[in-house]
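One file, query_29.tsv, is given below (TSV, C-alpha atoms).
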```tsv
chain	number	residue	atom	x	y	z
A	55	ASP	CA	7.74	14.59	-13.65
A	56	ALA	CA	8.65	14.20	-10.01
A	57	GLY	CA	6.70	11.59	-8.15
A	58	VAL	CA	5.80	11.68	-4.49
A	59	ILE	CA	8.78	12.88	-2.50
A	60	GLN	CA	9.46	11.74	1.05
A	61	SER	CA	12.14	12.69	3.51
A	62	PRO	CA	14.12	11.47	5.21
A	63	ARG	CA	14.55	8.11	3.48
A	64	HIS	CA	15.99	6.57	6.62
A	65	GLU	CA	15.65	7.65	10.23
A	66	VAL	CA	17.20	6.05	13.28
A	67	THR	CA	16.23	7.53	16.61
A	68	GLU	CA	16.11	6.65	20.26
A	69	MET	CA	12.96	5.86	22.15
A	70	GLY	CA	11.31	8.97	23.47
A	71	GLN	CA	12.53	11.26	20.71
A	72	GLU	CA	10.26	13.19	18.38
A	73	VAL	CA	10.24	12.06	14.76
A	74	THR	CA	8.89	14.10	11.84
A	75	LEU	CA	8.36	12.55	8.43
A	76	ARG	CA	7.74	14.74	5.41
A	77	CYS	CA	5.90	14.30	2.16
A	78	LYS	CA	5.43	16.30	-1.00
A	79	PRO	CA	2.59	14.91	-3.14
A	80	ILE	CA	2.43	14.98	-6.91
A	81	SER	CA	1.45	18.43	-8.10
A	82	GLY	CA	-2.27	18.60	-8.88
A	83	HIS	CA	-3.21	15.64	-6.71
A	84	ASN	CA	-5.90	16.53	-4.19
A	85	SER	CA	-5.69	13.49	-1.93
A	86	LEU	CA	-2.82	12.43	0.30
A	87	PHE	CA	-2.47	9.25	2.30
A	88	TRP	CA	-0.08	8.12	5.04
A	89	TYR	CA	0.55	4.37	5.40
A	90	ARG	CA	2.69	2.25	7.68
A	91	GLN	CA	4.08	-1.10	6.59
A	92	THR	CA	5.48	-3.83	8.84
A	93	MET	CA	6.03	-7.54	8.32
A	94	MET	CA	3.49	-8.38	10.99
A	95	ARG	CA	0.65	-6.05	9.98
A	96	GLY	CA	1.29	-5.35	6.30
A	97	LEU	CA	0.29	-1.99	4.84
A	98	GLU	CA	-2.01	0.00	7.11
A	99	LEU	CA	-3.69	3.30	6.29
A	100	LEU	CA	-3.02	5.80	9.06
A	101	ILE	CA	-4.75	8.93	7.80
A	102	TYR	CA	-5.81	10.60	4.60
A	103	PHE	CA	-6.46	14.15	3.50
A	104	ASN	CA	-8.63	15.56	0.77
A	105	ASN	CA	-7.91	19.14	-0.30
A	106	ASN	CA	-5.65	19.50	2.75
A	107	VAL	CA	-8.44	18.50	5.17
A	108	PRO	CA	-8.08	15.32	7.25
A	109	ILE	CA	-10.93	13.02	6.30
A	110	ASP	CA	-10.25	9.81	8.19
A	111	ASP	CA	-7.68	9.41	10.94
A	112	SER	CA	-9.12	6.23	12.40
A	113	GLY	CA	-5.95	4.37	11.51
A	114	MET	CA	-3.71	6.56	13.63
A	115	PRO	CA	-2.50	4.21	16.37
A	116	GLU	CA	-2.66	6.60	19.30
A	117	ASP	CA	-2.24	10.18	20.40
A	118	ARG	CA	1.50	9.99	19.93
A	119	PHE	CA	0.85	10.21	16.20
A	120	SER	CA	-0.25	13.41	14.49
A	121	ALA	CA	-0.40	14.54	10.88
A	122	LYS	CA	-0.81	17.89	9.22
A	123	MET	CA	-1.21	19.20	5.73
A	124	PRO	CA	-0.72	22.97	5.84
A	125	ASN	CA	-0.91	23.34	2.06
A	126	ALA	CA	-1.43	21.32	-1.10
A	127	SER	CA	2.23	20.54	-1.54
A	128	PHE	CA	3.35	19.46	1.92
A	129	SER	CA	2.38	17.09	4.71
A	130	THR	CA	4.03	15.89	7.88
A	131	LEU	CA	3.55	12.87	10.10
A	132	LYS	CA	4.89	13.33	13.59
A	133	ILE	CA	5.50	10.76	16.31
A	134	GLN	CA	6.09	12.10	19.80
A	135	PRO	CA	7.37	10.34	21.82
A	136	SER	CA	8.59	7.52	19.59
A	137	GLU	CA	8.68	3.90	20.75
A	138	PRO	CA	10.47	0.82	19.37
A	139	ARG	CA	7.14	-0.61	18.15
A	140	ASP	CA	6.85	2.38	15.81
A	141	SER	CA	9.71	0.95	13.74
A	142	ALA	CA	8.33	0.46	10.23
A	143	VAL	CA	8.36	1.84	6.72
A	144	TYR	CA	6.10	4.85	6.41
A	145	PHE	CA	4.73	5.56	2.95
A	146	CYS	CA	3.05	8.67	1.70
A	147	ALA	CA	0.82	8.35	-1.37
A	148	SER	CA	-1.20	10.78	-3.43
A	149	SER	CA	-4.01	10.52	-5.93
A	150	LEU	CA	-6.05	12.90	-8.05
A	151	THR	CA	-9.04	12.50	-5.72
A	152	THR	CA	-10.06	10.13	-2.95
A	153	GLY	CA	-12.29	8.39	-5.44
A	154	THR	CA	-9.37	7.65	-7.75
A	155	TYR	CA	-8.15	4.14	-7.24
A	156	GLU	CA	-4.60	4.62	-8.45
A	157	GLN	CA	-2.46	5.92	-5.66
A	158	TYR	CA	1.11	6.91	-6.34
A	159	PHE	CA	3.42	6.00	-3.50
A	160	GLY	CA	6.58	7.73	-2.42
A	161	PRO	CA	9.74	5.72	-1.77
A	162	GLY	CA	8.98	5.53	1.94
A	163	THR	CA	10.81	6.43	5.13
A	164	ARG	CA	12.37	3.52	6.96
A	165	LEU	CA	12.11	4.36	10.65
A	166	THR	CA	14.04	2.52	13.33
A	167	VAL	CA	13.43	3.39	16.96
A	168	THR	CA	15.97	1.89	19.36
B	59	ARG	CA	-11.00	-11.25	10.65
B	60	LYS	CA	-8.77	-9.25	8.32
B	61	GLU	CA	-10.48	-7.28	5.60
B	62	VAL	CA	-8.25	-8.74	2.89
B	63	GLU	CA	-6.44	-12.07	3.25
B	64	GLN	CA	-3.78	-13.51	1.02
B	65	ASP	CA	-1.60	-16.60	0.99
B	66	PRO	CA	1.79	-15.11	1.77
B	67	GLY	CA	3.61	-17.73	-0.31
B	68	PRO	CA	6.33	-17.75	-1.37
B	69	PHE	CA	5.55	-19.21	-4.73
B	70	ASN	CA	8.81	-20.34	-6.29
B	71	VAL	CA	8.43	-21.06	-10.00
B	72	PRO	CA	10.78	-21.57	-12.96
B	73	GLU	CA	10.89	-19.11	-15.80
B	74	GLY	CA	8.12	-19.75	-18.27
B	75	ALA	CA	5.81	-21.33	-15.74
B	76	THR	CA	2.31	-20.23	-14.91
B	77	VAL	CA	1.57	-19.14	-11.36
B	78	ALA	CA	-1.78	-18.23	-9.86
B	79	PHE	CA	-2.94	-17.11	-6.45
B	80	ASN	CA	-6.03	-15.74	-4.79
B	81	CYS	CA	-7.11	-13.37	-2.13
B	82	THR	CA	-10.35	-13.19	-0.18
B	83	TYR	CA	-12.13	-10.14	1.16
B	84	SER	CA	-14.62	-9.87	3.97
B	85	ASN	CA	-16.73	-6.83	3.07
B	86	SER	CA	-19.40	-7.72	0.55
B	87	ALA	CA	-20.02	-4.00	-0.03
B	88	SER	CA	-16.56	-3.57	-1.55
B	89	GLN	CA	-16.82	-1.77	-4.84
B	90	SER	CA	-13.52	-2.00	-6.64
B	91	PHE	CA	-10.61	-4.39	-6.74
B	92	PHE	CA	-6.99	-4.12	-7.79
B	93	TRP	CA	-3.62	-5.79	-7.78
B	94	TYR	CA	-0.59	-3.75	-6.79
B	95	ARG	CA	2.97	-4.93	-7.14
B	96	GLN	CA	5.73	-4.23	-4.64
B	97	ASP	CA	9.37	-4.98	-5.36
B	98	CYS	CA	11.74	-5.67	-2.48
B	99	ARG	CA	12.34	-2.53	-0.42
B	100	LYS	CA	10.36	-0.42	-2.90
B	101	GLU	CA	6.97	1.25	-2.89
B	102	PRO	CA	3.76	-0.43	-4.11
B	103	LYS	CA	2.66	0.33	-7.67
B	104	LEU	CA	-0.63	-0.36	-9.40
B	105	LEU	CA	-0.44	-3.47	-11.57
B	106	MET	CA	-4.01	-3.73	-12.80
B	107	SER	CA	-7.65	-3.28	-11.93
B	108	VAL	CA	-9.93	-6.29	-11.59
B	109	TYR	CA	-13.24	-6.22	-13.41
B	110	SER	CA	-16.26	-8.41	-12.83
B	111	SER	CA	-15.94	-10.04	-16.22
B	112	GLY	CA	-12.26	-10.77	-15.76
B	113	ASN	CA	-9.52	-8.96	-17.60
B	114	GLU	CA	-6.09	-9.46	-19.08
B	115	ASP	CA	-3.07	-7.24	-19.34
B	116	GLY	CA	-0.44	-9.02	-21.36
B	117	ARG	CA	0.64	-12.08	-19.42
B	118	PHE	CA	-1.46	-11.15	-16.41
B	119	THR	CA	-5.07	-12.24	-15.95
B	120	ALA	CA	-7.24	-11.05	-13.07
B	121	GLN	CA	-10.61	-12.43	-12.09
B	122	LEU	CA	-13.24	-11.51	-9.54
B	123	ASN	CA	-15.79	-13.79	-7.92
B	124	ARG	CA	-18.22	-11.61	-5.99
B	125	ALA	CA	-20.35	-14.51	-4.79
B	126	SER	CA	-17.40	-16.16	-3.08
B	127	GLN	CA	-15.64	-12.88	-2.38
B	128	TYR	CA	-12.30	-13.71	-3.88
B	129	ILE	CA	-9.97	-12.24	-6.46
B	130	SER	CA	-7.33	-14.09	-8.42
B	131	LEU	CA	-4.22	-13.22	-10.38
B	132	LEU	CA	-2.60	-15.50	-12.92
B	133	ILE	CA	0.79	-14.88	-14.47
B	134	ARG	CA	1.59	-16.77	-17.67
B	135	ASP	CA	5.05	-17.36	-19.10
B	136	SER	CA	6.62	-15.91	-15.96
B	137	LYS	CA	9.78	-13.84	-16.24
B	138	LEU	CA	12.54	-13.22	-13.74
B	139	SER	CA	11.32	-9.65	-13.54
B	140	ASP	CA	7.94	-10.85	-12.25
B	141	SER	CA	9.59	-11.66	-8.90
B	142	ALA	CA	7.83	-9.39	-6.44
B	143	THR	CA	5.15	-9.25	-3.79
B	144	TYR	CA	1.64	-8.90	-5.18
B	145	LEU	CA	-0.80	-6.97	-3.02
B	146	CYS	CA	-4.51	-7.57	-3.31
B	147	VAL	CA	-6.42	-4.31	-2.83
B	148	VAL	CA	-10.10	-3.79	-2.16
B	149	LYS	CA	-11.88	-0.46	-2.17
B	150	GLN	CA	-15.06	0.58	-0.48
B	151	TYR	CA	-14.52	4.19	0.45
B	152	LYS	CA	-10.76	3.70	0.92
B	153	LEU	CA	-8.18	1.19	-0.22
B	154	SER	CA	-7.56	-1.86	1.98
B	155	PHE	CA	-4.39	-3.78	1.23
B	156	GLY	CA	-3.69	-7.46	1.74
B	157	ALA	CA	-0.37	-8.46	3.25
B	158	GLY	CA	0.86	-9.68	-0.12
B	159	THR	CA	1.81	-12.88	-1.92
B	160	THR	CA	5.50	-13.27	-2.70
B	161	VAL	CA	6.43	-14.73	-6.06
B	162	THR	CA	9.98	-15.73	-6.93
B	163	VAL	CA	10.77	-16.70	-10.50
B	164	ARG	CA	14.00	-18.65	-10.88
B	165	ALA	CA	16.13	-19.10	-13.98
```

If you convert what's in this file into structure tokens, what do you get?
Amino acid sequence: DAGVIQSPRHEVTEMGQEVTLRCKPISGHNSLFWYRQTMMRGLELLIYFNNNVPIDDSGMPEDRFSAKMPNASFSTLKIQPSEPRDSAVYFCASSLTTGTYEQYFGPGTRLTVT
Amino acid sequence: RKEVEQDPGPFNVPEGATVAFNCTYSNSASQSFFWYRQDCRKEPKLLMSVYSSGNEDGRFTAQLNRASQYISLLIRDSKLSDSATYLCVVKQYKLSFGAGTTVTVRA
């Protein structure tokens, strides 16, 4: 079975550009999570959805970040405009429900903003 | 204060050795506890849950001390393949991840 799918795997962009990261959760999973990982701050939860509805976006750093989940099989995380401090690995994860402790992570998108 | 704190290591141990490390958490209302494993440049994966009475999974033993608010992981008879970063995870209504403890097992 396919796991969580993320694209692109690597993204290099210039400051000020719009960046869109994509995620396809595991089929049948109702909860989707976006994380950011850096050496300095570790793994941080940005936002999570339950049944396509955003439940908690308190981890979103600022208004430059937005996330959508238009259907059960697709989510996007957008950064506009991007800044060098946004450089990180962005992981998408899914689980059966928000109450389920095992989250399945995608391979991540390594974002570099120059 | 961070919600979950871990000694970043690295812990460098020879094959066959035992290695143990802890993490502490700040929220006494935390309900569930886990260890995830993350290999270099890979995604985190669930290693094991941590139960109040302590639990084992093969060579791995996890323990929870609610009074002192810490969790431990012990790896016996370490293998080269155990080299990874181990993330301590605490759940109240969402998962909170520690920054990880790096373990390197050398031949």

Residue nearest Tyr128 (chain B) - candidates B:Lys60, B:Val163, B:Pro66, B:Cys146, atoms counted: only C-alpha atoms: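 Of all the options, B:Cys146 lies closest to Tyr128 (chain B).
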
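Minimum atom-to-atom distance to Val73 (chain A), evaluated using all atoms listed in the file, belongs to A:Ser61 out of A:Gly153, A:Gly160, A:Ser61, A:Ala126.
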
Could the residues of chain B that have an atom at most 8 Å from chain A be listed as a tab-separated table, each with its closest atom pair and the distance in Å to one decimal, counting all atoms listed in the file and ordered by chain and ascending residue number?
```
residue	atom	partner	partner_atom	distance
B:Lys100	CA	A:Pro161	CA	6.3
B:Glu101	CA	A:Pro161	CA	5.4
B:Pro102	CA	A:Phe159	CA	6.5
B:Lys103	CA	A:Tyr158	CA	6.9
B:Leu104	CA	A:Glu156	CA	6.4
B:Lys149	CA	A:Tyr155	CA	7.8
B:Tyr151	CA	A:Gly153	CA	7.6
B:Lys152	CA	A:Thr152	CA	7.5
B:Leu153	CA	A:Tyr155	CA	7.6
B:Ser154	CA	A:Leu99	CA	7.8
B:Phe155	CA	A:Leu97	CA	6.2
B:Gly156	CA	A:Gly96	CA	7.1
B:Ala157	CA	A:Gly96	CA	4.7
B:Gly158	CA	A:Gly96	CA	7.8
```

Skip Gln127 (chain B) itself and residues of its chain fewer than 2 positions away, then list as a ChimeraX atom specification all residues within 9 Å of it, counting all atoms listed in the file. /B:81-86,122-125,129

Step by step: start from the point (2.2, -9.7, -24.4) in the file's coordinates, keep every protein, DNA or RNA residue that has an atom no farther than 12 Å from it, count all atoms listed in the file, and write the set as number ranges by chain. B: 114-119, 133-137

Point-to-point distance in Å for CA of Pro72 (chain B) and CA of Met106 (chain B): 23.2 Å

Need the axis-aligned box for region 114-128 of chain B with 6 Å each side, so what are the centre and edges in Å to one decimal, as JSON?
```
{"center_x": -9.9, "center_y": -11.7, "center_z": -11.9, "size_x": 33.0, "size_y": 20.9, "size_z": 31.0}
```

With distances taken over only C-alpha atoms, which of A:Pro62, A:Pro79, A:Met114, A:Asn104 is nearest to Ser127 (chain A)? A:Pro79

List as a ChimeraX atom specification the protein and nucleic acid residues near Gln134 (chain A), meaning an atom at most 9 Å away when all atoms listed in the file are counted, but skip any in the same chain fewer than 2 places from it. /A:70-74,117-120,132,136-137
